[in-house]
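Visitor: I'm passing along target-v3.cif; it holds mmCIF, C-alpha atoms and all ligand atoms.
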data_my_file
loop_
_atom_site.label_atom_id
_atom_site.label_comp_id
_atom_site.auth_asym_id
_atom_site.auth_seq_id
_atom_site.Cartn_x
_atom_site.Cartn_y
_atom_site.Cartn_z
CA MET V 28 0.00 0.00 0.00
CA ALA V 29 1.23 3.46 -0.84
CA GLU V 30 1.89 5.84 2.01
CA ILE V 31 -0.78 8.54 2.07
CA ILE V 32 0.93 11.90 2.39
CA ASP V 33 -0.94 13.87 5.04
CA GLY V 34 -0.99 17.44 3.70
CA ARG V 35 -2.78 18.69 6.79
CA ALA V 36 0.00 17.39 9.06
CA VAL V 37 2.77 18.88 6.89
CA ALA V 38 0.85 22.18 6.76
CA ARG V 39 0.65 22.18 10.58
CA GLU V 40 4.45 21.81 10.75
CA LEU V 41 4.81 24.80 8.44
CA ASP V 42 2.26 26.73 10.54
CA GLN V 43 4.43 26.10 13.56
CA GLN V 44 7.46 27.62 11.80
CA THR V 45 5.29 30.58 10.78
CA GLN V 46 4.09 31.06 14.34
CA GLU V 47 7.69 31.07 15.56
CA ILE V 48 8.54 33.89 13.11
CA VAL V 49 5.44 35.84 14.22
CA GLN V 50 6.26 35.40 17.91
CA SER V 51 9.89 36.41 17.50
CA LEU V 52 8.90 39.57 15.58
CA VAL V 53 6.36 40.55 18.24
CA ALA V 54 8.87 39.80 21.02
CA GLU V 55 11.30 42.19 19.29
CA GLY V 56 8.64 44.92 19.42
CA HIS V 57 7.48 44.76 15.81
CA ALA V 58 3.85 44.72 14.74
CA PRO V 59 2.56 41.26 13.79
CA PRO V 60 2.96 40.45 10.08
CA GLY V 61 0.02 41.79 8.09
CA LEU V 62 -1.68 40.27 5.05
CA ALA V 63 -3.99 42.37 2.89
CA VAL V 64 -6.45 40.37 0.82
CA VAL V 65 -8.28 42.13 -2.01
CA LEU V 66 -11.45 40.61 -3.42
CA VAL V 67 -13.25 42.21 -6.35
CA GLY V 68 -16.82 41.04 -7.02
CA ASN V 69 -18.80 38.17 -5.50
CA ASP V 70 -17.31 34.98 -6.94
CA PRO V 71 -18.55 32.36 -4.40
CA ALA V 72 -15.37 30.21 -4.53
CA SER V 73 -13.19 33.31 -4.02
CA GLU V 74 -15.36 34.39 -1.05
CA ILE V 75 -14.71 30.99 0.58
CA TYR V 76 -10.94 31.17 -0.05
CA VAL V 77 -10.75 34.70 1.38
CA GLY V 78 -12.66 33.58 4.48
CA HIS V 79 -10.21 30.69 5.00
CA LYS V 80 -7.23 33.00 4.63
CA THR V 81 -8.59 35.48 7.18
CA LYS V 82 -9.29 32.70 9.70
CA ALA V 83 -5.82 31.22 9.20
CA CYS V 84 -4.27 34.66 9.88
CA GLU V 85 -6.20 34.91 13.14
CA ARG V 86 -5.10 31.42 14.16
CA LEU V 87 -1.39 32.14 13.65
CA GLY V 88 -1.38 35.67 15.05
CA LEU V 89 -1.02 37.59 11.77
CA ALA V 90 -3.03 40.75 11.14
CA SER V 91 -5.38 40.54 8.17
CA PHE V 92 -6.88 43.38 6.20
CA GLU V 93 -9.78 42.48 3.93
CA HIS V 94 -10.71 44.76 1.05
CA ARG V 95 -13.97 43.72 -0.60
CA LEU V 96 -14.66 45.78 -3.68
CA ALA V 97 -17.73 45.87 -5.92
CA GLU V 98 -17.73 43.94 -9.21
CA THR V 99 -17.92 47.31 -11.00
CA THR V 100 -14.70 48.66 -9.43
CA SER V 101 -12.53 50.25 -12.10
CA GLU V 102 -8.99 49.10 -12.83
CA GLY V 103 -7.78 52.58 -11.83
CA ALA V 104 -9.44 52.35 -8.40
CA LEU V 105 -7.96 48.89 -7.83
CA LEU V 106 -4.48 50.10 -8.84
CA ALA V 107 -4.85 53.04 -6.46
CA LEU V 108 -5.71 50.67 -3.59
CA ILE V 109 -2.67 48.53 -4.39
CA GLY V 110 -0.51 51.65 -4.37
CA GLU V 111 -1.81 52.47 -0.87
CA LEU V 112 -1.19 48.93 0.38
CA ASN V 113 2.34 49.03 -1.08
CA ASP V 114 2.98 52.13 1.06
CA ARG V 115 1.41 50.91 4.31
CA ASP V 116 4.01 49.67 6.80
CA GLU V 117 1.61 47.35 8.62
CA VAL V 118 0.98 45.43 5.36
CA ASP V 119 3.74 42.91 4.62
CA GLY V 120 1.89 40.81 2.07
CA ILE V 121 -0.71 41.64 -0.57
CA LEU V 122 -2.90 39.06 -2.22
CA VAL V 123 -5.31 39.94 -5.00
CA GLN V 124 -7.81 37.12 -5.36
CA VAL V 125 -8.14 35.94 -8.96
CA PRO V 126 -10.07 35.66 -11.21
CA LEU V 127 -10.72 39.41 -11.55
CA PRO V 128 -13.72 40.74 -13.49
CA ASP V 129 -13.17 40.83 -17.28
CA HIS V 130 -12.81 44.62 -17.50
CA ILE V 131 -9.66 44.51 -15.33
CA ASP V 132 -6.25 43.55 -16.76
CA GLU V 133 -5.06 40.87 -14.34
CA ALA V 134 -1.38 41.07 -15.35
CA ARG V 135 -1.29 44.86 -14.88
CA VAL V 136 -2.79 44.52 -11.40
CA LEU V 137 -0.45 41.74 -10.27
CA GLU V 138 2.56 43.67 -11.59
CA ALA V 139 1.52 46.74 -9.58
CA ILE V 140 2.12 44.88 -6.32
CA ASP V 141 5.46 45.66 -4.65
CA PRO V 142 7.49 42.47 -5.36
CA ALA V 143 8.61 42.47 -1.71
CA LYS V 144 4.92 42.14 -0.70
CA ASP V 145 3.94 39.72 -3.49
CA VAL V 146 3.37 36.77 -1.15
CA ASP V 147 1.61 34.81 -3.92
CA GLY V 148 4.90 34.83 -5.85
CA PHE V 149 3.27 35.74 -9.18
CA HIS V 150 5.07 39.04 -9.86
CA PRO V 151 7.52 38.75 -12.79
CA VAL V 152 10.35 39.92 -10.53
CA ASN V 153 9.76 36.99 -8.18
CA VAL V 154 9.20 34.56 -11.07
CA GLY V 155 12.54 35.72 -12.51
CA ARG V 156 14.45 35.58 -9.24
CA VAL V 157 13.13 32.13 -8.35
CA SER V 158 13.96 30.93 -11.85
CA ALA V 159 17.46 32.43 -11.73
CA GLY V 160 18.02 31.01 -8.24
CA THR V 161 18.66 34.48 -6.81
CA GLY V 162 16.02 34.51 -4.05
CA GLY V 163 12.52 35.81 -4.66
CA ILE V 164 9.24 34.78 -3.10
CA ARG V 165 8.24 31.26 -4.11
CA PRO V 166 4.65 30.71 -5.25
CA CYS V 167 2.51 28.99 -2.61
CA THR V 168 1.10 25.86 -4.26
CA PRO V 169 4.36 24.88 -6.03
CA ALA V 170 6.41 25.47 -2.87
CA GLY V 171 3.86 23.34 -1.00
CA VAL V 172 4.22 20.57 -3.58
CA VAL V 173 7.99 20.47 -3.08
CA MET V 174 7.60 20.44 0.70
CA LEU V 175 5.23 17.45 0.47
CA ILE V 176 7.68 15.56 -1.78
CA LYS V 177 10.52 16.29 0.65
CA SER V 178 8.39 15.06 3.57
CA VAL V 179 8.75 11.63 1.94
CA GLU V 180 12.31 11.88 0.52
CA ARG V 181 14.59 14.58 1.85
CA ASP V 182 17.18 14.50 -0.95
CA ILE V 183 15.56 14.32 -4.37
CA ALA V 184 18.59 15.39 -6.44
CA GLY V 185 19.05 13.16 -9.46
CA LEU V 186 15.50 11.79 -9.47
CA ASP V 187 13.41 11.88 -12.66
CA ALA V 188 10.43 14.17 -12.19
CA VAL V 189 7.51 14.51 -14.60
CA VAL V 190 5.13 17.44 -14.23
CA ILE V 191 1.79 17.27 -16.05
CA GLY V 192 0.63 20.85 -16.73
CA ARG V 193 2.51 24.00 -17.74
CA SER V 194 0.41 26.79 -16.25
CA ASN V 195 2.14 29.86 -14.85
CA ILE V 196 0.64 29.29 -11.42
CA VAL V 197 1.35 25.58 -10.95
CA GLY V 198 3.05 23.49 -13.66
CA LYS V 199 5.89 25.82 -14.70
CA PRO V 200 6.89 26.93 -11.20
CA VAL V 201 6.73 23.33 -9.89
CA ALA V 202 9.16 22.39 -12.69
CA THR V 203 11.43 25.34 -11.80
CA LEU V 204 11.54 24.38 -8.12
CA LEU V 205 12.19 20.69 -8.84
CA LEU V 206 15.00 21.64 -11.22
CA ALA V 207 16.49 23.75 -8.43
CA GLU V 208 16.35 20.64 -6.21
CA GLY V 209 18.48 18.79 -8.77
CA CYS V 210 15.73 16.68 -10.35
CA THR V 211 15.77 15.88 -14.05
CA VAL V 212 12.47 17.45 -15.04
CA THR V 213 10.12 16.73 -17.93
CA VAL V 214 7.22 19.16 -18.33
CA THR V 215 4.23 17.70 -20.18
CA HIS V 216 0.96 19.27 -21.37
CA SER V 217 -2.01 18.82 -23.67
CA LYS V 218 0.20 18.54 -26.78
CA THR V 219 2.55 15.94 -25.28
CA ARG V 220 2.78 12.67 -27.22
CA ASP V 221 2.59 9.39 -25.38
CA LEU V 222 1.98 10.99 -22.00
CA ALA V 223 1.39 7.69 -20.20
CA ALA V 224 4.83 6.34 -21.21
CA LYS V 225 6.57 9.56 -20.10
CA CYS V 226 4.80 9.48 -16.74
CA ALA V 227 5.68 5.80 -16.25
CA ARG V 228 9.39 6.76 -16.13
CA ALA V 229 8.92 9.22 -13.28
CA ASP V 230 10.33 8.81 -9.79
CA ILE V 231 8.28 11.89 -8.90
CA LEU V 232 5.00 12.55 -10.72
CA VAL V 233 3.15 15.84 -10.20
CA ALA V 234 -0.29 16.14 -11.83
CA ALA V 235 -1.62 19.70 -12.21
CA VAL V 236 -4.15 19.40 -14.99
CA GLY V 237 -7.74 19.77 -13.84
CA LYS V 238 -9.02 16.53 -15.42
CA PRO V 239 -10.58 14.04 -12.99
CA GLU V 240 -8.54 10.84 -12.66
CA LEU V 241 -6.58 11.41 -15.87
CA VAL V 242 -3.57 9.58 -14.39
CA ARG V 243 -4.25 5.84 -14.32
CA GLY V 244 -2.50 3.09 -12.39
CA ASP V 245 -0.28 1.97 -15.29
CA TRP V 246 1.06 5.54 -15.70
CA VAL V 247 2.76 5.26 -12.33
CA LYS V 248 6.07 3.49 -11.77
CA PRO V 249 6.18 1.21 -8.71
CA GLY V 250 7.79 3.17 -5.87
CA ALA V 251 7.11 6.63 -7.35
CA ILE V 252 6.08 9.65 -5.29
CA VAL V 253 2.79 11.00 -6.70
CA ILE V 254 1.53 14.50 -5.97
CA ASP V 255 -2.02 15.29 -7.09
CA VAL V 256 -2.63 19.03 -7.39
CA GLY V 257 -5.93 18.71 -9.27
CA ILE V 258 -9.19 19.79 -7.69
CA ASN V 259 -12.16 18.67 -9.75
CA ARG V 260 -15.70 19.09 -8.49
CA THR V 261 -18.00 16.40 -9.81
CA GLN V 262 -21.74 15.99 -9.50
CA GLY V 263 -22.34 13.09 -7.13
CA GLY V 264 -25.65 11.30 -6.54
CA GLU V 265 -28.57 13.31 -5.11
CA GLY V 266 -26.99 16.54 -6.26
CA LYS V 267 -24.07 16.15 -3.85
CA GLY V 268 -20.77 17.28 -5.39
CA ARG V 269 -17.57 15.41 -4.66
CA LEU V 270 -13.91 16.36 -5.07
CA LEU V 271 -11.69 14.28 -7.33
CA GLY V 272 -8.02 14.71 -8.08
CA ASP V 273 -6.19 14.29 -11.39
CA VAL V 274 -4.97 10.85 -10.26
CA ALA V 275 -7.05 7.66 -9.97
CA PHE V 276 -6.09 7.30 -6.31
CA ASP V 277 -7.24 3.69 -5.85
CA GLU V 278 -5.17 2.52 -8.85
CA VAL V 279 -1.81 3.87 -7.64
CA GLN V 280 -1.35 1.83 -4.48
CA HIS V 281 1.94 0.47 -5.93
CA ALA V 282 3.39 4.00 -5.58
CA ARG V 283 5.68 4.73 -2.66
CA ALA V 284 3.54 7.67 -1.55
CA VAL V 285 0.57 9.61 -2.89
CA THR V 286 -1.36 12.72 -1.82
CA PRO V 287 -5.12 12.43 -1.29
CA VAL V 288 -7.69 14.93 -2.60
CA PRO V 289 -8.80 16.63 -0.45
CA GLY V 290 -6.20 16.77 2.33
CA GLY V 291 -3.03 16.73 0.22
CA VAL V 292 -1.79 19.81 -1.65
CA GLY V 293 -4.80 22.00 -0.74
CA PRO V 294 -3.88 22.66 2.93
CA MET V 295 -0.29 23.54 1.92
CA THR V 296 -1.33 26.51 -0.20
CA ILE V 297 -2.72 28.68 2.60
CA ALA V 298 0.00 27.56 5.03
CA MET V 299 2.65 28.66 2.50
CA LEU V 300 0.88 31.99 1.93
CA LEU V 301 1.08 32.81 5.64
CA HIS V 302 4.66 31.59 5.80
CA ASN V 303 5.61 33.85 2.88
CA THR V 304 3.89 36.78 4.66
CA ALA V 305 5.75 36.14 7.92
CA GLN V 306 9.03 35.84 6.03
CA ALA V 307 8.36 39.09 4.15
CA ALA V 308 7.72 40.78 7.52
CA ARG V 309 10.96 39.34 8.88
CA THR V 310 12.86 40.71 5.88
CA PHE V 311 11.24 44.16 6.25
CA ALA V 312 12.03 44.13 10.00
CA SER V 313 15.67 43.37 9.22
CA GLY V 314 15.76 46.40 6.96
CA GLY V 315 15.77 44.39 3.73
CA GLU V 316 13.57 44.93 0.74
CA GLY V 317 11.40 41.90 1.51
CA GLY V 318 11.06 38.56 -0.21
P1 LIG G 401 -4.66 25.30 -16.08
O1 LIG G 401 -5.97 24.97 -16.72
O2 LIG G 401 -4.16 26.69 -16.12
O3 LIG G 401 -3.54 24.35 -16.71
C1 LIG G 401 -3.78 23.00 -16.97
C2 LIG G 401 -2.59 22.39 -17.65
O4 LIG G 401 -2.89 21.03 -17.92
C3 LIG G 401 -2.25 23.05 -19.01
O5 LIG G 401 -0.87 23.23 -19.10
C4 LIG G 401 -2.76 22.05 -20.04
O6 LIG G 401 -1.98 22.00 -21.22
C5 LIG G 401 -2.59 20.74 -19.30
N1 LIG G 401 -3.53 19.73 -19.81
C6 LIG G 401 -4.85 19.85 -20.03
N2 LIG G 401 -5.35 18.69 -20.50
C7 LIG G 401 -4.33 17.82 -20.56
C8 LIG G 401 -4.21 16.46 -20.97
N3 LIG G 401 -5.28 15.76 -21.38
N4 LIG G 401 -3.00 15.90 -20.91
C9 LIG G 401 -1.92 16.58 -20.47
N5 LIG G 401 -1.97 17.88 -20.07
C10 LIG G 401 -3.16 18.48 -20.12
O7 LIG G 401 -4.80 24.78 -14.58
P2 LIG G 401 -3.93 25.17 -13.26
O8 LIG G 401 -2.51 24.88 -13.50
O9 LIG G 401 -4.35 26.49 -12.77
O10 LIG G 401 -4.53 24.10 -12.23
C11 LIG G 401 -4.41 22.71 -12.44
C12 LIG G 401 -5.25 21.98 -11.41
O11 LIG G 401 -4.74 22.25 -10.12
C13 LIG G 401 -6.72 22.39 -11.37
O12 LIG G 401 -7.52 21.26 -11.06
C14 LIG G 401 -6.78 23.38 -10.22
O13 LIG G 401 -8.07 23.44 -9.62
C15 LIG G 401 -5.77 22.78 -9.29
N6 LIG G 401 -5.15 23.74 -8.37
C16 LIG G 401 -5.06 23.37 -7.05
C17 LIG G 401 -4.49 24.21 -6.13
C18 LIG G 401 -4.39 23.77 -4.71
O14 LIG G 401 -4.21 24.58 -3.83
N7 LIG G 401 -4.47 22.48 -4.44
C19 LIG G 401 -3.98 25.54 -6.51
C20 LIG G 401 -4.03 25.80 -7.93
C21 LIG G 401 -4.62 24.92 -8.81
P3 LIG G 401 -1.89 23.22 -22.27
O15 LIG G 401 -0.97 24.21 -21.63
O16 LIG G 401 -1.30 22.58 -23.47
O17 LIG G 401 -3.28 23.72 -22.45
#
Would you mind giving the structure from this file in structure tokens?
Ligand code: NDP

Guide:
Amino acid sequence: MAEIIDGRAVARELDQQTQEIVQSLVAEGHAPPGLAVVLVGNDPASEIYVGHKTKACERLGLASFEHRLAETTSEGALLALIGELNDRDEVDGILVQVPLPDHIDEARVLEAIDPAKDVDGFHPVNVGRVSAGTGGIRPCTPAGVVMLIKSVERDIAGLDAVVIGRSNIVGKPVATLLLAEGCTVTVTHSKTRDLAAKCARADILVAAVGKPELVRGDWVKPGAIVIDVGINRTQGGEGKGRLLGDVAFDEVQHARAVTPVPGGVGPMTIAMLLHNTAQAARTFASGGEGG
């Protein structure tokens, strides 16, 4: 039987490290790290995520500042708010919940965030620094994926890793981080030929696709570490939805370890966000430029 990687337990360990940073800052007389979350419009999924983030801040002793703006908010007004948050000392991290309404240019908004406060790690400056290996804030879900892999195998240098998905928010940065760990990385996507055979060579397989149970048992090498990033909501019986990952979980029991959905990658994302915020605050407190 494959080991089931307990994302909630690994997230709690990270929370503990975050709490230690928060407590040491407060003990030194600094304000607690502050996270500003900006939500434009009433997307129900985004409302839930923002609620979770605010609660997690309270739990770990971070200050949270919620900015809920109307769907009709102009791009100019949003950029002005980001400018204010960039200037406010009590704000160490800024998160703009995506998707944004269609009339707002998402890239322009994300690029307006001070890179030192870009705790989502999406700003091109952070993408570039992480890619060049010169620091930068690492994006939350990909950094969480690597932490889960390393909870199973501390030294992954030299292992063959296959990433399914090449999005800017998951697939590409996961590949970048695994390359930095010394893995030999293959990035696959919808145009990849013979995907199953490529996956079957992987010591580490990361699926970030958004297709329920795309990865079947015979795609997975015995002894592989399998990380399932996918979150797919399906219609269950009696109108009850159910969450499925990108991996057919029951078919991969010959793997060394596999993440469940839910309870695998999901809990790592918020934990990493708060960790990035606490680290940004630590860098500001030390007189650095953040990140
Ligand atoms: P995107 O839709 O942006 O990217 C999906 C990627 O999968 C694309 O690169 C696409 O290829 C590739 N793809 C699609 N179909 C296939 C196929 N049949 N075979 C191989 N590759 C394929 O999704 P995201 O990266 O944003 O998210 C991926 C999944 O992860 C989603 O289920 C999302 O909900 C989940 N997610 C979970 C998070 C968490 O906290 N647990 C956080 C973020 C995302 P191409 O580029 O060629 O189109």

Visitor: Residues at most 8 Å from ligand LIG 401 (chain G), using all atoms listed in the file? Could they come as a PyMOL selection string?

Guide: chain V and resi 168+191-198+215-219+222+234-238+241+256-259+272-273+291-297

Visitor: Between V:Ala63, V:Leu186, V:Ala275, V:Ala159, which has the minimum distance to Glu240 of chain V (counting all atoms listed in the file)?

Guide: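 Of the candidates, the smallest distance to Glu240 of chain V is held by V:Ala275.
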
Visitor: From the list V:Asp33, V:Leu112, V:Lys248, V:Met28, which residue is nearest Pro289 of chain V when using all atoms listed in the file?

Guide: V:Asp33

Visitor: So how many Å separate atom CA of Arg228 of chain V and atom CA of Arg165 of chain V, to one decimal?

Guide: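 Separation between atom CA of Arg228 of chain V and atom CA of Arg165 of chain V: 27.3 Å.
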
Visitor: Could you check how far atom CA of Ala143 of chain V sits from atom CA of Leu122 of chain V, in Å to one decimal?

Guide: 12.0 Å

Visitor: Give me, please, the distance in Å between atom CA of Val64 of chain V and atom CA of Gln124 of chain V, quoted to one decimal.

Guide: 7.1 Å

Visitor: Taking only residues of segment 37-148 of chain V that have an atom at most 8 Å from an atom of segment 299-306 of chain V, what is each one's shortest atom pair and its distance in Å to one decimal, using all atoms listed in the file, in chain and number order, as CSV?

Guide:
residue,atom,partner,partner_atom,distance
V:Ala38,CA,V:Met299,CA,8.0
V:Leu41,CA,V:His302,CA,7.3
V:Asp42,CA,V:His302,CA,7.2
V:Gln44,CA,V:His302,CA,7.7
V:Thr45,CA,V:His302,CA,5.1
V:Ile48,CA,V:Ala305,CA,6.3
V:Val49,CA,V:Ala305,CA,6.3
V:Pro60,CA,V:Ala305,CA,5.6
V:Gly61,CA,V:Thr304,CA,7.2
V:Leu62,CA,V:Thr304,CA,6.6
V:Ala83,CA,V:Leu301,CA,7.9
V:Cys84,CA,V:Leu301,CA,7.1
V:Leu89,CA,V:Ala305,CA,7.9
V:Asp119,CA,V:Thr304,CA,6.1
V:Gly120,CA,V:Thr304,CA,5.2
V:Lys144,CA,V:Thr304,CA,7.6
V:Val146,CA,V:Asn303,CA,5.5
V:Asp147,CA,V:Leu300,CA,6.5

Visitor: Select, from V:Ala139, V:Val154, V:Ala90, V:Ala312, the residue with the minimum atom-to-atom distance to Ile109 of chain V, counting only C-alpha atoms.

Guide: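 The shortest atom-to-atom distance to Ile109 of chain V comes from V:Ala139.
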
Visitor: From the options V:Val152, V:Val125, V:Leu106, V:Cys167, which residue's atoms come nearest to Ser73 of chain V, counting all atoms listed in the file?

Guide: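 For Ser73 of chain V, the nearest of the given residues is V:Val125.
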
Visitor: Quick one: of V:Ala134, V:Ala298, V:Leu232, V:Leu52, who's nearest to Lys82 of chain V, counting only C-alpha atoms?

Guide: V:Ala298

Visitor: Check the smallest atom-to-atom distance from each of V:Ile31, V:Leu105, V:Leu175, V:Val279 to Leu137 of chain V using only C-alpha atoms, then report the winner.

Guide: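 Selected residue with least distance to Leu137 of chain V: V:Leu105.
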
Visitor: Pick out the residues sitting within 6 Å of segment 249-251 of chain V, and hand them over as a VMD selection string; count all atoms listed in the file, and ignore anything fewer than 2 positions along from it in its own chain.

Guide: chain V and resid 230 to 231 281 to 283
